[in-house]
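Visitor: Enclosed is the structure file input23.csv (CSV, C-alpha atoms).
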chain,number,residue,atom,x,y,z
W,1,MET,CA,62.5,-45.0,19.4
W,2,ALA,CA,61.0,-44.9,22.9
W,3,ALA,CA,61.6,-45.5,26.5
W,4,ILE,CA,59.3,-48.1,28.0
W,5,GLU,CA,57.1,-46.3,30.5
W,6,GLY,CA,54.5,-47.5,32.9
W,7,THR,CA,55.1,-50.6,34.9
W,8,PRO,CA,58.8,-51.5,34.8
W,9,VAL,CA,59.4,-54.6,32.6
W,10,GLY,CA,61.9,-57.4,33.2
W,11,ILE,CA,63.2,-60.5,31.6
W,12,LEU,CA,62.7,-63.0,34.5
W,13,GLY,CA,64.1,-66.1,33.0
W,14,THR,CA,65.7,-67.5,29.8
W,15,GLY,CA,66.1,-70.9,28.2
W,16,SER,CA,67.3,-72.5,25.0
W,17,TYR,CA,67.2,-75.8,23.1
W,18,LEU,CA,69.6,-77.1,20.4
W,19,PRO,CA,69.0,-80.4,18.6
W,20,GLY,CA,71.5,-83.1,19.3
W,21,ARG,CA,72.4,-83.7,15.7
W,22,ILE,CA,75.4,-81.6,14.6
W,23,ILE,CA,76.5,-81.2,11.0
W,24,THR,CA,80.1,-79.9,10.6
W,25,ASN,CA,81.6,-78.1,7.6
W,26,PHE,CA,83.3,-81.4,6.8
W,27,ASP,CA,79.9,-83.1,6.7
W,28,MET,CA,78.7,-80.4,4.4
W,29,GLU,CA,81.5,-81.2,2.0
W,30,LYS,CA,79.8,-84.6,1.5
W,31,ILE,CA,76.4,-83.0,0.9
W,32,VAL,CA,77.0,-80.1,-1.4
W,33,ASP,CA,79.9,-78.7,-3.5
W,34,THR,CA,81.7,-76.8,-0.8
W,35,THR,CA,84.7,-76.9,1.5
W,36,ASN,CA,85.3,-76.2,5.1
W,37,GLU,CA,87.6,-73.3,4.1
W,38,TRP,CA,85.0,-71.8,1.8
W,39,ILE,CA,82.4,-71.8,4.5
W,40,LEU,CA,84.7,-70.5,7.2
W,41,GLU,CA,86.0,-67.6,5.1
W,42,ARG,CA,82.5,-66.4,4.1
W,43,SER,CA,80.6,-67.0,7.3
W,44,GLY,CA,82.8,-68.0,10.3
W,45,ILE,CA,80.5,-71.0,10.7
W,46,ARG,CA,82.1,-74.4,11.8
W,47,GLU,CA,79.0,-76.4,12.5
W,48,ARG,CA,75.3,-76.2,13.0
W,49,HIS,CA,72.6,-78.2,14.8
W,50,VAL,CA,69.9,-79.8,12.7
W,51,ALA,CA,66.6,-81.2,14.0
W,52,SER,CA,65.9,-84.9,13.8
W,53,GLU,CA,62.7,-86.2,12.1
W,54,ASP,CA,60.8,-86.3,15.4
W,55,GLU,CA,61.8,-82.8,16.4
W,56,SER,CA,59.2,-80.2,15.2
W,57,ASN,CA,59.3,-76.4,15.6
W,58,VAL,CA,56.8,-76.8,18.5
W,59,PHE,CA,59.1,-79.4,20.1
W,60,LEU,CA,62.1,-77.0,20.1
W,61,ALA,CA,60.0,-74.1,21.3
W,62,GLU,CA,58.5,-76.2,24.1
W,63,ARG,CA,61.9,-77.3,25.4
W,64,ALA,CA,63.3,-73.7,25.4
W,65,SER,CA,60.2,-72.2,27.0
W,66,LYS,CA,59.9,-74.8,29.8
W,67,ASP,CA,63.6,-74.1,30.5
W,68,ALA,CA,62.8,-70.3,30.7
W,69,LEU,CA,59.7,-70.9,33.0
W,70,ARG,CA,61.8,-73.0,35.4
W,71,ASP,CA,64.5,-70.3,35.4
W,72,ALA,CA,61.9,-67.6,36.1
W,73,GLY,CA,60.1,-69.5,38.8
W,74,ILE,CA,56.9,-68.9,37.0
W,75,GLU,CA,54.2,-71.6,36.6
W,76,ALA,CA,52.5,-72.1,33.3
W,77,ASP,CA,49.1,-71.1,34.6
W,78,GLU,CA,50.5,-67.7,35.5
W,79,VAL,CA,51.3,-66.9,31.8
W,80,ASP,CA,48.9,-64.5,30.0
W,81,MET,CA,50.4,-64.7,26.5
W,82,VAL,CA,52.7,-67.0,24.4
W,83,MET,CA,54.4,-65.5,21.4
W,84,VAL,CA,56.7,-67.3,19.0
W,85,GLY,CA,58.9,-65.6,16.4
W,86,THR,CA,59.5,-68.0,13.6
W,87,ASN,CA,60.0,-68.2,9.9
W,88,SER,CA,59.7,-72.0,9.7
W,89,PRO,CA,56.5,-73.0,11.4
W,90,ASP,CA,55.4,-76.6,11.3
W,91,ARG,CA,52.3,-75.5,9.4
W,92,LEU,CA,50.8,-72.1,8.4
W,93,LEU,CA,47.6,-73.0,10.2
W,94,PRO,CA,47.6,-73.6,13.1
W,95,GLY,CA,50.5,-71.5,14.3
W,96,VAL,CA,53.3,-72.6,16.6
W,97,GLY,CA,52.1,-70.1,19.4
W,98,PRO,CA,48.7,-71.6,20.1
W,99,ILE,CA,50.1,-75.2,20.1
W,100,LEU,CA,53.0,-74.1,22.4
W,101,GLN,CA,50.4,-72.5,24.7
W,102,SER,CA,48.7,-75.9,25.0
W,103,LYS,CA,52.0,-77.9,25.4
W,104,LEU,CA,53.1,-75.6,28.2
W,105,GLY,CA,49.8,-75.9,30.0
W,106,ALA,CA,49.2,-72.2,29.9
W,107,SER,CA,45.5,-72.7,29.7
W,108,GLY,CA,44.5,-69.1,30.4
W,109,ALA,CA,46.9,-67.6,27.9
W,110,GLY,CA,46.7,-66.4,24.4
W,111,GLY,CA,49.1,-67.7,21.7
W,112,MET,CA,50.4,-66.3,18.4
W,113,ASP,CA,53.2,-66.4,15.9
W,114,ILE,CA,55.2,-63.4,14.8
W,115,GLN,CA,56.6,-63.6,11.3
W,116,ALA,CA,59.0,-60.8,11.0
W,117,GLY,CA,62.1,-62.4,9.6
W,118,CYS,CA,65.1,-62.9,11.9
W,119,PRO,CA,63.9,-60.1,14.3
W,120,GLY,CA,60.7,-62.0,15.0
W,121,ALA,CA,61.5,-62.8,18.6
W,122,LEU,CA,62.8,-59.3,19.2
W,123,TYR,CA,59.5,-57.9,17.9
W,124,GLY,CA,57.9,-60.3,20.4
W,125,ILE,CA,59.9,-58.8,23.3
W,126,VAL,CA,58.9,-55.3,22.2
W,127,ALA,CA,55.2,-56.3,22.0
W,128,ALA,CA,55.3,-58.1,25.4
W,129,ALA,CA,57.0,-55.1,27.0
W,130,GLY,CA,54.2,-52.9,25.8
W,131,GLY,CA,51.6,-55.2,27.1
W,132,ILE,CA,53.2,-55.7,30.5
W,133,ALA,CA,54.0,-52.0,31.0
W,134,SER,CA,50.4,-51.0,30.2
W,135,GLY,CA,48.9,-53.7,32.4
W,136,ILE,CA,47.3,-55.9,29.7
W,137,TRP,CA,49.5,-58.9,30.7
W,138,ASN,CA,51.5,-59.9,33.8
W,139,ASN,CA,53.6,-62.7,32.4
W,140,VAL,CA,54.5,-63.4,28.8
W,141,VAL,CA,56.6,-66.2,27.2
W,142,VAL,CA,58.4,-65.1,24.1
W,143,ALA,CA,60.2,-67.7,22.1
W,144,GLY,CA,62.2,-67.7,18.9
W,145,SER,CA,62.1,-71.2,17.3
W,146,GLU,CA,63.4,-72.4,13.9
W,147,VAL,CA,63.7,-75.6,11.9
W,148,MET,CA,65.3,-73.8,8.9
W,149,SER,CA,66.8,-77.1,7.7
W,150,ARG,CA,63.3,-78.2,6.5
W,151,ILE,CA,62.9,-75.2,4.2
W,152,LEU,CA,66.5,-75.0,2.7
W,153,ASP,CA,67.5,-76.1,-0.7
W,154,TRP,CA,70.3,-78.5,0.2
W,155,THR,CA,71.6,-78.4,-3.4
W,156,HIS,CA,72.3,-74.6,-3.1
W,157,ARG,CA,75.6,-74.2,-1.4
W,158,SER,CA,75.4,-70.5,-0.8
W,159,THR,CA,72.3,-70.9,1.4
W,160,CYS,CA,72.2,-74.3,3.0
W,161,VAL,CA,75.6,-74.0,4.7
W,162,LEU,CA,74.5,-70.8,6.6
W,163,PHE,CA,71.6,-71.9,8.7
W,164,GLY,CA,70.9,-74.1,11.7
W,165,ASP,CA,68.0,-75.2,13.9
W,166,GLY,CA,67.4,-74.2,17.5
W,167,ALA,CA,65.1,-72.3,19.9
W,168,GLY,CA,65.5,-69.7,22.6
W,169,ALA,CA,62.9,-68.3,25.0
W,170,CYS,CA,62.4,-65.8,27.8
W,171,VAL,CA,59.7,-65.1,30.4
W,172,MET,CA,58.8,-61.5,30.8
W,173,GLY,CA,56.9,-59.8,33.6
W,174,LYS,CA,57.1,-57.0,36.1
W,175,TRP,CA,60.7,-56.1,36.8
W,176,ARG,CA,62.1,-57.5,40.1
W,177,PRO,CA,65.5,-57.2,41.6
W,178,GLY,CA,67.9,-59.7,39.9
W,179,SER,CA,66.1,-59.7,36.6
W,180,ILE,CA,67.1,-57.8,33.5
W,181,ARG,CA,65.1,-54.7,32.9
W,182,VAL,CA,64.0,-53.8,29.4
W,183,THR,CA,64.2,-50.0,29.2
W,184,HIS,CA,64.0,-48.9,25.6
W,185,ALA,CA,62.9,-50.5,22.3
W,186,ASP,CA,62.5,-49.7,18.6
W,187,VAL,CA,61.6,-51.7,15.5
W,188,LYS,CA,61.6,-50.8,11.9
W,189,ALA,CA,61.2,-52.2,8.4
W,190,ASP,CA,62.3,-51.4,4.8
W,191,GLY,CA,59.8,-53.2,2.7
W,192,SER,CA,61.3,-51.8,-0.5
W,193,SER,CA,64.2,-54.3,0.1
W,194,CYS,CA,61.9,-57.2,0.6
W,195,GLU,CA,63.1,-59.3,-2.3
W,196,MET,CA,66.6,-59.9,-0.7
W,197,ILE,CA,65.3,-62.9,1.3
W,198,THR,CA,62.2,-64.7,0.1
W,199,PHE,CA,60.3,-68.0,0.2
W,200,PRO,CA,58.7,-67.7,-3.2
W,201,ALA,CA,56.0,-70.3,-3.6
W,202,GLY,CA,53.4,-72.3,-1.8
W,203,LEU,CA,50.9,-69.5,-0.6
W,204,ALA,CA,48.4,-67.1,-2.1
W,205,ALA,CA,50.9,-65.2,-4.3
W,206,GLU,CA,52.2,-68.3,-6.0
W,207,PRO,CA,50.2,-71.4,-5.1
W,208,ALA,CA,51.9,-74.8,-5.3
W,209,THR,CA,52.0,-76.5,-8.7
W,210,GLU,CA,54.1,-79.2,-10.3
W,211,GLU,CA,56.1,-76.4,-11.9
W,212,THR,CA,56.8,-74.6,-8.6
W,213,VAL,CA,58.0,-77.8,-7.1
W,214,ARG,CA,60.1,-78.7,-10.2
W,215,ASN,CA,61.7,-75.2,-10.1
W,216,ARG,CA,62.5,-75.6,-6.4
W,217,ARG,CA,60.6,-72.5,-5.4
W,218,HIS,CA,59.5,-73.9,-2.0
W,219,PHE,CA,62.8,-73.1,-0.4
W,220,VAL,CA,64.4,-70.0,1.1
W,221,ARG,CA,66.2,-67.8,-1.4
W,222,MET,CA,68.6,-65.2,-0.4
W,223,ASN,CA,70.9,-62.7,-2.1
W,224,GLY,CA,73.7,-62.8,0.4
W,225,ALA,CA,75.7,-59.9,-1.2
W,226,ASP,CA,72.7,-57.5,-1.1
W,227,VAL,CA,71.9,-58.5,2.5
W,228,PHE,CA,75.6,-57.9,3.5
W,229,LYS,CA,75.5,-54.4,1.9
W,230,PHE,CA,72.1,-53.6,3.5
W,231,VAL,CA,73.2,-54.5,7.0
W,232,ASN,CA,76.5,-52.7,6.8
W,233,ARG,CA,74.9,-49.6,5.3
W,234,LYS,CA,71.9,-49.4,7.6
W,235,ILE,CA,72.6,-51.0,11.0
W,236,PRO,CA,75.6,-49.1,12.3
W,237,ASP,CA,73.9,-45.7,11.9
W,238,TYR,CA,70.7,-47.1,13.2
W,239,LEU,CA,72.3,-48.4,16.3
W,240,GLU,CA,74.2,-45.1,16.9
W,241,ASN,CA,70.9,-43.2,16.7
W,242,PHE,CA,69.2,-45.8,18.9
W,243,CYS,CA,71.9,-45.3,21.6
W,244,GLU,CA,71.5,-41.5,21.3
W,245,SER,CA,67.8,-41.8,21.8
W,246,CYS,CA,68.5,-43.9,24.9
W,247,GLY,CA,70.8,-41.2,26.3
W,248,ILE,CA,73.9,-43.3,26.0
W,249,LYS,CA,76.8,-43.8,23.6
W,250,ALA,CA,78.0,-47.1,22.0
W,251,LYS,CA,81.0,-47.1,24.3
W,252,ASP,CA,78.6,-47.2,27.3
W,253,VAL,CA,77.2,-50.6,26.3
W,254,ASP,CA,78.8,-53.6,28.0
W,255,TRP,CA,77.4,-56.4,25.7
W,256,TRP,CA,76.0,-56.5,22.2
W,257,ILE,CA,73.8,-59.4,21.3
W,258,LEU,CA,73.6,-59.0,17.5
W,259,HIS,CA,71.8,-61.4,15.2
W,260,GLN,CA,74.2,-64.2,14.2
W,261,ALA,CA,73.8,-63.9,10.4
W,262,ASN,CA,77.5,-64.5,9.8
W,263,MET,CA,80.8,-63.5,11.2
W,264,ARG,CA,81.7,-61.1,8.4
W,265,ILE,CA,78.5,-59.1,9.1
W,266,LEU,CA,79.3,-59.0,12.9
W,267,GLU,CA,82.8,-57.8,12.2
W,268,GLY,CA,81.6,-55.2,9.7
W,269,VAL,CA,79.0,-53.7,12.0
W,270,SER,CA,81.3,-53.6,15.0
W,271,ARG,CA,84.2,-52.1,13.0
W,272,ARG,CA,82.0,-49.3,11.7
W,273,MET,CA,80.8,-48.6,15.2
W,274,GLY,CA,84.2,-48.8,16.8
W,275,ILE,CA,83.1,-51.7,19.0
W,276,GLN,CA,85.7,-54.3,20.1
W,277,THR,CA,84.5,-57.8,19.0
W,278,ASP,CA,85.2,-59.1,22.6
W,279,ARG,CA,82.0,-57.1,23.6
W,280,LEU,CA,79.9,-59.1,21.1
W,281,VAL,CA,78.1,-62.3,22.1
W,282,ILE,CA,79.1,-64.7,19.4
W,283,ASN,CA,77.9,-68.2,18.8
W,284,VAL,CA,77.6,-68.3,15.0
W,285,ASP,CA,80.6,-70.6,14.7
W,286,LYS,CA,78.7,-73.2,16.7
W,287,TYR,CA,75.1,-72.8,15.6
W,288,GLY,CA,75.1,-71.0,12.2
W,289,ASN,CA,72.3,-68.6,11.5
W,290,THR,CA,69.3,-69.7,13.6
W,291,SER,CA,67.1,-66.9,12.3
W,292,ALA,CA,64.5,-65.8,14.9
W,293,ALA,CA,66.1,-68.0,17.6
W,294,SER,CA,69.5,-66.4,17.2
W,295,THR,CA,69.5,-63.5,19.7
W,296,MET,CA,67.4,-65.4,22.2
W,297,ILE,CA,69.9,-68.2,22.3
W,298,GLY,CA,72.7,-65.6,22.7
W,299,LEU,CA,70.9,-63.9,25.6
W,300,HIS,CA,70.4,-67.2,27.4
W,301,GLU,CA,74.0,-68.2,27.0
W,302,ALA,CA,75.5,-64.9,28.0
W,303,ARG,CA,73.3,-64.7,31.0
W,304,GLY,CA,73.8,-68.3,32.0
W,305,ASP,CA,77.6,-68.3,31.8
W,306,GLY,CA,78.0,-65.1,33.8
W,307,ARG,CA,79.1,-62.8,31.1
W,308,ILE,CA,76.1,-60.5,31.8
W,309,LYS,CA,76.6,-59.1,35.3
W,310,SER,CA,74.7,-56.9,37.5
W,311,GLY,CA,74.8,-53.2,36.6
W,312,GLN,CA,75.6,-53.8,32.9
W,313,ARG,CA,73.9,-52.4,29.8
W,314,VAL,CA,73.1,-54.8,27.0
W,315,ILE,CA,71.7,-54.1,23.5
W,316,MET,CA,70.0,-56.7,21.5
W,317,CYS,CA,69.7,-56.1,17.7
W,318,SER,CA,68.4,-58.2,14.9
W,319,PHE,CA,67.8,-57.8,11.2
W,320,GLY,CA,66.4,-60.0,8.5
W,321,ALA,CA,63.8,-60.8,5.8
W,322,GLY,CA,61.4,-58.0,5.1
W,323,MET,CA,63.8,-56.2,5.5
W,324,THR,CA,63.1,-55.8,9.2
W,325,TYR,CA,65.3,-54.7,12.0
W,326,GLY,CA,65.1,-53.5,15.6
W,327,ALA,CA,66.9,-53.1,18.9
W,328,ILE,CA,66.2,-53.1,22.7
W,329,LEU,CA,68.3,-51.7,25.5
W,330,MET,CA,68.4,-53.8,28.7
W,331,GLU,CA,69.9,-53.2,32.1
W,332,SER,CA,71.0,-56.1,34.3
Output the file's structure in the form of C-alpha cells.

Guide:
Amino acid sequence: MAAIEGTPVGILGTGSYLPGRIITNFDMEKIVDTTNEWILERSGIRERHVASEDESNVFLAERASKDALRDAGIEADEVDMVMVGTNSPDRLLPGVGPILQSKLGASGAGGMDIQAGCPGALYGIVAAAGGIASGIWNNVVVAGSEVMSRILDWTHRSTCVLFGDGAGACVMGKWRPGSIRVTHADVKADGSSCEMITFPAGLAAEPATEETVRNRRHFVRMNGADVFKFVNRKIPDYLENFCESCGIKAKDVDWWILHQANMRILEGVSRRMGIQTDRLVINVDKYGNTSAASTMIGLHEARGDGRIKSGQRVIMCSFGAGMTYGAILMES
C-alpha cells in the first residue's frame, strides 16, 4: 500500500455508456427457470442493460471515453495512453485498447487491455497514476468496458441473471483544482483461489473442440457461494488496513464505490466494517454486475449527480476473478 508521490495525479473527467436495451427480472423469467423474487433476494438486481447486436465492446468503450474526454476538456491528440479493463473483449487479438485508441483519434498514444477480473479498470487507474506521477505520461484514458452478455450461459440461472453490459471511463492527468486527486493506491491477488470464477475453454489450456462446445465450456463459470465467502472474509480487513495505511479510519471516508457484484455482498462488507449503506454508491439494482465497468460507472454517476462534493474522501474498491482486488483513495 503506498501514497502516490511525484507529480500530483487527478481524475479530470468521467463518462459512461449503458446500452439502450433493458432486460428486467420479469423478462428473465421468460428466458430461464427463475423468478423476480429469487433474483431480488439473492442479488438485489431488478434489471440489467444488454448490448444490441451492433454494439461491440469497443463501441461501448468509445462512447464512455469520448464522454470523459469532453468532460475533462482534453483533446484526443493530447492523450498518451489508452487502457481498457475488460473480461469480455471483442477478440483476444487485437485488444480493445489499441482499437479504442484509433477510434478516439489518439494517434500519438499507446493502447492496451488489462485483464484482471472485475478490478481491471481499477488496476488501470493505479498504472496510470504511476505513469503520470513519474512523468512517463501526461494524460491517460482508462476505461472499463464489458459485454458480458456474450459470454454467459443463458441456460444457467445462477450466473446469467447477475451480469449486465456497460462501460465507464475516466481521463487522468496532472491534478488541477476542481478535479479529483488520487492519493493512495494498492492492488493484490490471491491466485490460489483462481478457480472460483473461470472461463474454461477456447484458449491454450483447453483449445476449442466439438466436445468443449457441446459441454458449454465457452461461458463464464462462477461458484457464487465461494465468491461470497471470499469477499466477506478478505475485503473488510483489507479495507481497514488500507485506510490505516492512508492515515485515516473508515469513518473518515465520505463515499465508498465498491464493485457492484450483488447487494448481499455490499451489505455484508459494509456491516462488517460498520459503514452505513447510505455512504455506498449503489447501482447494482439498475445495471447488475458490469464487471470491470462497475466502479467506473459508479464514479461517473456519483460525480455527475453531485453526491461527491469538494473536500470529500472517496474510496474505490473492486474484487473479482483471479482472485484479484484493490483499492484507491481519492480526495475531491

Visitor: Could you list, with a cut-off of 10 Å and counting only C-alpha atoms, the residues of range 98-185 of chain W near range 324-328 of chain W, each shown with its nearest atom pair and the distance in Å rounded to one decimal, rows sorted by chain and ascending number, as JSON lines?

Guide:
{"residue": "W:Ala116", "atom": "CA", "partner": "W:Thr324", "partner_atom": "CA", "distance": 6.7}
{"residue": "W:Gly117", "atom": "CA", "partner": "W:Thr324", "partner_atom": "CA", "distance": 6.7}
{"residue": "W:Cys118", "atom": "CA", "partner": "W:Thr324", "partner_atom": "CA", "distance": 7.9}
{"residue": "W:Pro119", "atom": "CA", "partner": "W:Tyr325", "partner_atom": "CA", "distance": 6.0}
{"residue": "W:Gly120", "atom": "CA", "partner": "W:Thr324", "partner_atom": "CA", "distance": 8.8}
{"residue": "W:Leu122", "atom": "CA", "partner": "W:Gly326", "partner_atom": "CA", "distance": 7.2}
{"residue": "W:Tyr123", "atom": "CA", "partner": "W:Gly326", "partner_atom": "CA", "distance": 7.5}
{"residue": "W:Ile125", "atom": "CA", "partner": "W:Ile328", "partner_atom": "CA", "distance": 8.5}
{"residue": "W:Val126", "atom": "CA", "partner": "W:Ile328", "partner_atom": "CA", "distance": 7.6}
{"residue": "W:Val182", "atom": "CA", "partner": "W:Ile328", "partner_atom": "CA", "distance": 7.1}
{"residue": "W:Thr183", "atom": "CA", "partner": "W:Ile328", "partner_atom": "CA", "distance": 7.5}
{"residue": "W:His184", "atom": "CA", "partner": "W:Ile328", "partner_atom": "CA", "distance": 5.6}
{"residue": "W:Ala185", "atom": "CA", "partner": "W:Ile328", "partner_atom": "CA", "distance": 4.2}

Visitor: Counting only C-alpha atoms, what is within 6 Å of range 165-170 of chain W, bar same-chain residues fewer than 3 positions away, as a VMD selection string?

Guide: chain W and resid 13 to 18 49 to 50 60 to 61 64 to 65 68 141 to 148 290 293 296 to 297

Visitor: Nearest residue to Phe319 in chain W out of W:Gln276, W:Gly298, W:Glu244, W:Ala121, using only C-alpha atoms?

Guide: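 Smallest separation from Phe319 in chain W among the options: W:Ala121.
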
Visitor: So that I can check the surroundings of range 283-288 of chain W, please list as a PyMOL selection string every protein, DNA and RNA residue that reaches within 8 Å of it, counting all atoms listed in the file and ignoring chain neighbours fewer than 5 positions away.

Guide: chain W and resi 44-49+162-165+260-263+298

Visitor: Which residue out of W:Cys194, W:Arg217, W:Arg181, W:Arg272 has the minimum interatomic distance to Glu240 in chain W when all atoms listed in the file are used?

Guide: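 Smallest distance to Glu240 in chain W is found for W:Arg272.
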
Visitor: Using CA of Phe219 in chain W and CA of Ile99 in chain W as the two end points, give the distance in Å to one decimal.

Guide: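 Separating CA of Phe219 in chain W from CA of Ile99 in chain W is a distance of 24.2 Å.
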
Visitor: Distance CA of Arg303 in chain W-CA of Leu258 in chain W, one decimal place?

Guide: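 Straight-line distance from CA of Arg303 in chain W to CA of Leu258 in chain W works out to 14.7 Å.
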
Visitor: Under the rule that all atoms listed in the file are counted, which of W:Phe228, W:Trp256, W:Phe59, W:Trp137 is the nearest residue to Leu299 in chain W?

Guide: W:Trp256

Visitor: Please indicate the distance in Å from CA of Val231 in chain W to CA of Lys249 in chain W, rounded to one decimal place.

Guide: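 Between these atoms lies a distance of 20.1 Å.
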
Visitor: Any idea what's packed within 7 Å of Gly110 in chain W, counting all atoms listed in the file, ignoring anything in its chain fewer than 5 positions away? Could you give it as a short mmCIF file (atom, residue, chain, number, x, y, z; two decimals) with C-alpha atoms, in the frame of the given file?

Guide:
data_model
loop_
_atom_site.label_atom_id
_atom_site.label_comp_id
_atom_site.auth_asym_id
_atom_site.auth_seq_id
_atom_site.Cartn_x
_atom_site.Cartn_y
_atom_site.Cartn_z
CA ASP W 80 48.90 -64.50 30.00
CA MET W 81 50.40 -64.70 26.50
CA VAL W 82 52.70 -67.00 24.40
#

Visitor: Closest to Leu69 in chain W among W:Ala128, W:Leu93, W:Leu266, W:Leu12, using all atoms listed in the file?

Guide: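 For Leu69 in chain W, the nearest of the candidates is W:Leu12.
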
Visitor: Nearest to Val281 in chain W: which of W:Asn25, W:Ser52, W:Ile308, W:Arg264 is it, counting all atoms listed in the file?

Guide: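 For Val281 in chain W, the nearest of the given residues is W:Ile308.
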
Visitor: Which is closest to Val220 in chain W among W:Asn232, W:Thr86, W:Thr198, W:Ser294, if we use only C-alpha atoms?

Guide: W:Thr198
